[in-house]
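query_14.cif, holding mmCIF, C-alpha atoms:
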data_my_file
loop_
_atom_site.label_atom_id
_atom_site.label_comp_id
_atom_site.auth_asym_id
_atom_site.auth_seq_id
_atom_site.Cartn_x
_atom_site.Cartn_y
_atom_site.Cartn_z
CA MET A 1 0.00 0.00 0.00
CA CYS A 2 1.32 3.38 -0.90
CA GLU A 3 1.82 5.93 1.83
CA SER A 4 -0.15 9.16 1.54
CA ARG A 5 1.73 12.43 1.71
CA HIS A 6 0.60 15.88 2.70
CA PRO A 7 -0.09 17.93 -0.46
CA LEU A 8 2.35 20.63 0.55
CA ALA A 9 5.03 18.08 1.30
CA MET A 10 5.31 17.05 -2.35
CA SER A 11 8.64 18.82 -2.63
CA ALA A 12 10.11 17.49 0.60
CA PRO A 13 13.78 16.79 -0.07
CA THR A 14 15.12 13.28 0.03
CA GLU A 15 18.57 14.26 1.25
CA ASN A 16 19.15 14.72 4.94
CA ASN A 17 21.04 17.99 4.55
CA ALA A 18 18.28 19.68 2.54
CA PRO A 19 15.54 21.78 4.15
CA ARG A 20 12.34 19.98 5.12
CA ALA A 21 8.84 20.90 3.99
CA ARG A 22 6.82 22.38 6.86
CA PRO A 23 3.23 22.46 5.53
CA VAL A 24 1.51 23.56 8.74
CA LEU A 25 3.89 26.45 9.33
CA LEU A 26 3.59 27.44 5.68
CA VAL A 27 -0.23 27.54 5.77
CA VAL A 28 -0.32 29.54 9.00
CA GLY A 29 2.46 31.86 7.85
CA THR A 30 0.67 32.51 4.56
CA ALA A 31 -2.51 33.41 6.44
CA LEU A 32 -0.65 35.96 8.57
CA VAL A 33 0.98 37.41 5.46
CA ALA A 34 -2.48 37.69 3.85
CA CYS A 35 -3.73 39.70 6.82
CA ALA A 36 -0.74 42.04 6.61
CA SER A 37 -1.20 42.31 2.86
CA THR A 38 -4.74 43.69 2.95
CA LEU A 39 -4.16 45.58 6.19
CA LEU A 40 -1.28 47.58 4.68
CA GLY A 41 -2.11 47.31 0.96
CA ILE A 42 1.39 45.99 0.27
CA GLY A 43 0.81 42.66 -1.47
CA GLY A 44 2.79 40.69 1.12
CA GLY A 45 5.21 38.87 -1.16
CA ALA A 46 8.21 40.28 0.71
CA PHE A 47 7.25 37.90 3.51
CA LEU A 48 5.72 35.07 1.49
CA VAL A 49 8.65 34.49 -0.88
CA PRO A 50 11.09 33.66 1.97
CA LEU A 51 8.43 31.46 3.61
CA LEU A 52 7.93 29.46 0.41
CA ALA A 53 11.69 29.14 -0.03
CA ALA A 54 12.24 27.97 3.54
CA TRP A 55 9.13 25.89 4.29
CA GLY A 56 8.01 24.81 0.79
CA PRO A 57 10.81 24.33 0.17
CA LEU A 58 11.06 25.93 -3.27
CA ARG A 59 13.83 27.50 -5.27
CA MET A 60 13.82 31.28 -4.95
CA LYS A 61 12.60 31.90 -8.49
CA LYS A 62 9.76 29.39 -8.13
CA SER A 63 8.95 30.99 -4.78
CA VAL A 64 8.53 34.32 -6.57
CA GLY A 65 6.06 32.94 -9.13
CA THR A 66 4.10 30.92 -6.56
CA SER A 67 4.00 33.89 -4.20
CA LEU A 68 2.45 36.07 -6.90
CA ALA A 69 -0.22 33.44 -7.61
CA VAL A 70 -1.18 33.27 -3.93
CA ILE A 71 -1.06 37.05 -3.51
CA ALA A 72 -3.32 37.48 -6.55
CA GLY A 73 -6.01 35.39 -4.86
CA VAL A 74 -5.54 37.10 -1.50
CA VAL A 75 -5.80 40.66 -2.80
CA ALA A 76 -8.78 39.78 -5.01
CA VAL A 77 -10.71 38.70 -1.92
CA GLY A 78 -9.39 41.73 -0.05
CA LEU A 79 -10.69 44.01 -2.80
CA VAL A 80 -14.14 42.45 -2.59
CA ALA A 81 -14.09 43.08 1.17
CA GLN A 82 -12.99 46.66 0.55
CA LEU A 83 -15.82 47.24 -1.94
CA ALA A 84 -18.28 45.85 0.60
CA THR A 85 -17.06 48.16 3.37
CA ARG A 86 -15.64 51.46 2.08
CA PRO A 87 -15.54 51.57 -1.75
CA ALA A 88 -15.21 55.38 -1.75
CA ASP A 89 -11.65 55.09 -0.40
CA ILE A 90 -10.45 53.77 -3.78
CA SER A 91 -9.28 56.30 -6.36
CA TRP A 92 -10.13 54.44 -9.57
CA PRO A 93 -8.47 56.93 -11.95
CA LEU A 94 -5.18 56.42 -10.08
CA VAL A 95 -5.72 52.67 -10.16
CA GLY A 96 -6.05 52.78 -13.94
CA LEU A 97 -2.81 54.73 -14.41
CA LEU A 98 -0.90 52.50 -11.98
CA VAL A 99 -2.06 49.35 -13.73
CA VAL A 100 -1.15 50.66 -17.20
CA GLY A 101 2.35 51.49 -15.96
CA ALA A 102 2.69 48.13 -14.23
CA PHE A 103 1.73 46.17 -17.33
CA GLY A 104 4.67 47.84 -19.06
CA GLY A 105 7.06 47.13 -16.19
CA ALA A 106 6.14 43.47 -15.58
CA PRO A 107 7.93 42.09 -18.68
CA VAL A 108 11.06 44.00 -17.63
CA GLY A 109 10.94 42.32 -14.23
CA ARG A 110 10.51 38.92 -15.86
CA PHE A 111 13.50 39.58 -18.12
CA LEU A 112 15.68 40.56 -15.15
CA LEU A 113 14.56 37.46 -13.26
CA ARG A 114 15.55 35.29 -16.22
CA ILE A 115 19.05 36.72 -16.64
CA LEU A 116 20.02 37.07 -12.97
CA PRO A 117 22.00 34.07 -11.63
CA ARG A 118 20.35 32.41 -8.66
CA GLN A 119 22.78 33.61 -6.01
CA ALA A 120 22.91 37.10 -7.51
CA PHE A 121 19.13 37.18 -7.36
CA ARG A 122 19.31 36.33 -3.66
CA TYR A 123 21.56 39.34 -3.04
CA VAL A 124 19.32 41.69 -5.03
CA PHE A 125 16.21 40.43 -3.25
CA ALA A 126 17.89 40.76 0.16
CA ALA A 127 18.92 44.35 -0.63
CA PHE A 128 15.35 45.19 -1.66
CA LEU A 129 13.94 43.76 1.60
CA LEU A 130 16.48 45.74 3.61
CA LEU A 131 15.43 48.96 1.85
CA VAL A 132 11.76 48.22 2.61
CA ALA A 133 12.57 47.56 6.27
CA VAL A 134 14.53 50.80 6.60
CA ARG A 135 11.63 52.67 5.00
CA MET A 136 9.13 51.07 7.38
CA PHE A 137 11.15 52.22 10.39
CA GLY A 138 11.09 55.77 9.06
CA PHE A 139 14.86 56.08 8.63
CA ILE A 140 14.23 57.35 5.11
CA PRO A 141 12.28 60.62 5.44
CA ALA A 142 8.91 60.59 3.70
CA ALA A 143 8.51 64.02 2.14
CA THR A 144 4.74 64.39 1.78
CA GLY A 145 2.88 66.56 -0.67
CA LEU A 146 5.61 66.35 -3.29
CA LEU A 147 3.08 66.92 -6.07
CA GLY A 148 0.42 68.77 -4.15
CA ARG A 149 -2.50 68.30 -1.85
CA ALA A 150 -4.44 65.71 -3.86
CA PRO A 151 -3.95 63.93 -7.19
CA ARG A 152 -5.55 65.62 -10.20
CA ILE A 153 -6.11 63.10 -12.91
CA ASP A 154 -6.10 65.78 -15.62
CA ALA A 155 -2.67 67.07 -14.55
CA LEU A 156 0.34 65.92 -16.56
CA GLN A 157 2.49 65.49 -13.45
CA THR A 158 -0.08 63.16 -11.91
CA ILE A 159 -0.23 61.06 -15.08
CA VAL A 160 3.56 60.82 -15.40
CA TYR A 161 4.08 60.14 -11.68
CA SER A 162 1.38 57.45 -11.56
CA LEU A 163 2.59 55.72 -14.72
CA GLY A 164 6.17 55.77 -13.41
CA THR A 165 5.10 54.40 -10.04
CA GLY A 166 3.11 51.68 -11.76
CA PHE A 167 6.05 50.79 -14.00
CA LEU A 168 8.35 50.37 -11.00
CA ALA A 169 5.66 48.38 -9.19
CA GLY A 170 5.34 46.09 -12.22
CA VAL A 171 9.10 45.51 -12.35
CA THR A 172 9.44 44.73 -8.64
CA SER A 173 6.23 42.70 -8.59
CA THR A 174 7.38 40.28 -11.29
CA LEU A 175 11.01 40.29 -10.15
CA PHE A 176 10.39 39.78 -6.43
CA GLY A 177 6.85 38.34 -6.30
CA ILE A 178 5.61 41.13 -4.03
CA GLY A 179 2.41 42.34 -5.72
CA GLY A 180 3.66 45.93 -6.09
CA GLY A 181 2.14 47.52 -3.01
CA MET A 182 5.54 47.98 -1.37
CA VAL A 183 6.18 50.56 -4.10
CA ILE A 184 2.69 52.00 -4.59
CA VAL A 185 1.73 52.86 -1.00
CA PRO A 186 4.89 54.87 -0.14
CA ALA A 187 4.81 56.59 -3.56
CA LEU A 188 1.20 57.73 -3.13
CA MET A 189 1.89 59.01 0.39
CA ILE A 190 5.03 60.85 -0.71
CA GLY A 191 3.35 62.38 -3.73
CA TYR A 192 0.12 63.67 -2.18
CA ARG A 193 -0.56 65.20 1.22
CA ASP A 194 -4.15 63.94 1.36
CA LEU A 195 -3.05 60.36 0.83
CA SER A 196 -0.31 60.75 3.41
CA GLU A 197 -2.79 62.02 5.99
CA HIS A 198 -5.42 59.40 5.08
CA PHE A 199 -3.48 56.15 4.90
CA VAL A 200 -6.65 54.09 4.38
CA SER A 201 -7.18 55.76 0.99
CA ALA A 202 -3.62 55.03 -0.14
CA ARG A 203 -3.99 51.46 1.11
CA ALA A 204 -7.35 50.89 -0.62
CA THR A 205 -6.12 52.35 -3.92
CA SER A 206 -3.00 50.21 -3.78
CA LEU A 207 -5.08 47.12 -3.01
CA ALA A 208 -7.25 47.71 -6.08
CA ALA A 209 -4.19 48.18 -8.30
CA ILE A 210 -2.42 45.09 -6.96
CA VAL A 211 -5.18 42.75 -8.17
CA PRO A 212 -4.52 43.08 -11.93
CA ILE A 213 -0.78 43.70 -11.38
CA SER A 214 -0.28 40.45 -9.46
CA ALA A 215 -2.57 38.54 -11.85
CA TRP A 216 -0.54 39.73 -14.85
CA GLY A 217 2.74 38.89 -13.11
CA THR A 218 1.38 35.43 -12.23
CA PHE A 219 0.49 34.79 -15.86
CA LEU A 220 3.99 35.76 -17.01
CA HIS A 221 5.57 33.46 -14.42
CA TRP A 222 3.16 30.62 -15.21
CA LYS A 223 4.17 30.77 -18.87
CA LYS A 224 7.78 30.24 -17.77
CA GLY A 225 6.90 27.37 -15.42
CA ASN A 226 7.73 29.33 -12.28
CA VAL A 227 4.41 28.75 -10.50
CA ARG A 228 4.00 25.63 -8.35
CA VAL A 229 0.27 25.47 -9.03
CA ALA A 230 -0.45 22.67 -6.53
CA PHE A 231 0.50 24.94 -3.63
CA VAL A 232 -2.11 27.60 -4.40
CA PRO A 233 -5.38 25.78 -3.47
CA ARG A 234 -3.80 24.51 -0.24
CA LEU A 235 -2.59 27.92 0.90
CA LEU A 236 -5.55 30.10 -0.11
CA PRO A 237 -8.51 28.89 2.04
CA LEU A 238 -7.16 30.10 5.39
CA ALA A 239 -5.37 33.05 3.77
CA VAL A 240 -8.53 34.57 2.24
CA GLY A 241 -10.24 34.61 5.62
CA PHE A 242 -7.32 36.50 7.09
CA ALA A 243 -7.35 38.81 4.06
CA VAL A 244 -10.88 39.92 4.92
CA LEU A 245 -9.80 40.40 8.54
CA GLY A 246 -6.98 42.68 7.36
CA VAL A 247 -9.39 44.97 5.48
CA VAL A 248 -11.71 45.27 8.48
CA ALA A 249 -8.82 45.81 10.91
CA SER A 250 -7.33 48.59 8.77
CA TYR A 251 -10.09 50.94 9.92
CA TRP A 252 -9.41 50.57 13.63
CA LEU A 253 -5.72 49.65 13.89
CA GLU A 254 -3.02 52.27 13.27
CA ALA A 255 -0.55 51.27 10.59
CA ARG A 256 2.32 52.67 12.66
CA VAL A 257 1.78 49.95 15.25
CA LEU A 258 2.62 47.34 12.64
CA THR A 259 6.07 48.81 12.09
CA PHE A 260 7.20 47.25 15.35
CA VAL A 261 5.87 43.86 14.24
CA PHE A 262 6.95 43.66 10.60
CA GLY A 263 10.01 45.93 10.71
CA PRO A 264 12.19 43.55 12.77
CA LEU A 265 11.13 40.62 10.58
CA LEU A 266 12.16 42.47 7.44
CA LEU A 267 15.50 43.33 9.02
CA GLY A 268 16.20 39.68 9.77
CA ILE A 269 14.96 38.10 6.55
CA PRO A 270 17.49 39.78 4.18
CA THR A 271 20.43 38.37 6.11
CA LYS A 272 18.97 34.87 6.05
CA VAL A 273 18.18 35.10 2.33
CA ALA A 274 21.59 36.47 1.34
CA LEU A 275 23.62 34.05 3.45
CA ALA A 276 21.60 30.91 2.67
CA LYS A 277 23.92 28.07 1.65
CA PRO A 278 23.49 26.17 -1.60
CA ARG A 279 21.17 23.27 -0.92
CA ALA A 280 20.67 19.82 -2.31
CA ASN A 281 18.18 18.79 -4.95
CA VAL A 282 14.46 19.07 -4.20
CA PRO A 283 12.32 16.38 -5.85
CA ASP A 284 9.86 17.67 -8.48
CA ASP A 285 11.85 20.90 -8.85
CA ASP A 286 12.79 20.89 -12.51
CA GLU A 287 15.25 23.77 -12.00
CA ALA A 288 17.18 22.06 -9.24
CA ALA A 289 20.55 20.42 -9.53
CA PRO A 290 22.37 18.69 -6.65
CA GLY A 291 24.61 21.15 -4.88
CA ALA A 292 23.49 24.08 -7.04
CA PRO A 293 22.74 27.39 -5.37
CA SER A 294 19.08 28.25 -5.06
#
Encoding of this model in structure tokens:
Amino acid sequence: MCESRHPLAMSAPTENNAPRARPVLLVVGTALVACASTLLGIGGGAFLVPLLAAWGPLRMKKSVGTSLAVIAGVVAVGLVAQLATRPADISWPLVGLLVVGAFGGAPVGRFLLRILPRQAFRYVFAAFLLLVAVRMFGFIPAATGLLGRAPRIDALQTIVYSLGTGFLAGVTSTLFGIGGGMVIVPALMIGYRDLSEHFVSARATSLAAIVPISAWGTFLHWKKGNVRVAFVPRLLPLAVGFAVLGVVASYWLEARVLTFVFGPLLLGIPTKVALAKPRANVPDDDEAAPGAPS
């Protein structure tokens, strides 16, 4: 009789020195990331990619594609919850410009992901996480009102700024599997005083933009075989419930409080990602080679 295996343990390594699949931790961790994602409007891939790499365990590039697929489902549910609670907080004209820019940037991110060697990609990803952590702690000053009090969709500077922000979000989304909110939320708050003073509006607008951005990035990764599809239906059920919780909590919990929770995590993760040793082959990972860096 054949032994049954947990669905998320399908990539458990056969070699003793390789990391073990930890399906329970991965499911719970993904749910917490989903809550943070909709609570902050950031996508959440900065946390999910390392979790998939460590507890999947998946190669970093497959972690990026799989992260985007999960994030796409999470933010879609989060957007539905947002529309059911406070739809007026979403600036749809800005969403449109951000998405157009992101669709142009996503192929660039995919190209960079393809040409970067695995270990070099680890260093770039670690540096990006470190920058995000420093920004969360406020060490990088956030000059607000750079473009004025509120965005004017008929103003050229708003169009250029939004398209540029979207382009950068598309690049980082596809390259790092983060959804794009890590770029969009700070950019909106820096650009416009109203959005800086009303974080919920910046968060809701980012959340709406992340849905098509992450879906497009997922499609590009899926075409290249970088999405471990079997993981998605196992991770989403608990995650979507926490995604709804994040939307509701965003209206009574101050975002600044979360800095002390997520900031230290983002300071620790880059070091772990950058210094991770090459690991042995992972079964069912068609990119893996024994002893090759991940």
Mind pulling up the distance from CA of Ala36 (chain A) to CA of Leu83 (chain A)?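 Here the two named atoms are 18.1 Å from each other.
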Using all atoms listed in the file, which of the listed residues (A:Gly241, A:Pro233, A:Gly164, A:Gly246) sits closest to Leu94 (chain A)?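 Comparing A:Gly241, A:Pro233, A:Gly164, A:Gly246 against Leu94 (chain A), the winner is A:Gly164.
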Residues within 12 Å of Thr85 (chain A), all atoms listed in the file, excluding chain neighbours under 4 positions, as a list in words: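 Listing them by chain and then by number gives Gly78, Leu79, Val80, Ala81, Asp89, Ile90, Ala204, Val244, Leu245, Val247, Val248, Ala249, Ser250 and Tyr251 of chain A.
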Of the candidates A:Leu207, A:Val171, A:Ala31, A:Leu236, which shows the shortest atom-to-atom distance to Ala102 (chain A), using all atoms listed in the file?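 The answer is A:Val171, which sits nearest to Ala102 (chain A).
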Within 6 Å of region 69-77 of chain A using only C-alpha atoms, minus same-chain residues under 5 positions, as a VMD selection string: chain A and resid 211 214 to 215 218 232 240
So how many Å separate CA of Leu97 (chain A) and CA of Ala187 (chain A), to one decimal?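 Separation of CA of Leu97 (chain A) and CA of Ala187 (chain A): 13.4 Å.
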My list of candidates is A:Pro50, A:Gly56, A:Val28, A:Lys61. Which is closest to Gly225 (chain A) when distances are computed with only C-alpha atoms?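 Between A:Pro50, A:Gly56, A:Val28, A:Lys61, the residue approaching Gly225 (chain A) most closely is A:Lys61.
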Any idea what the distance is between CA of Ile178 (chain A) and CA of Leu163 (chain A)?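 Those two atoms sit 18.3 Å apart.
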May I ask which of the residues A:Leu40, A:Leu112, A:Ala53, A:Ala106 is the closest one to Gly170 (chain A), counting only C-alpha atoms? A:Ala106
Using all atoms listed in the file for the distances, tell me which of A:Ala239, A:Leu175, A:Arg203, A:Lys224 is nearest to Leu32 (chain A).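 Ranking A:Ala239, A:Leu175, A:Arg203, A:Lys224 by distance to Leu32 (chain A), first place goes to A:Ala239.
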The residue from A:Ser67, A:Gln157, A:Asn226, A:Ser196 with the smallest atom-to-atom distance to Gly43 (chain A), counting all atoms listed in the file, is A:Ser67
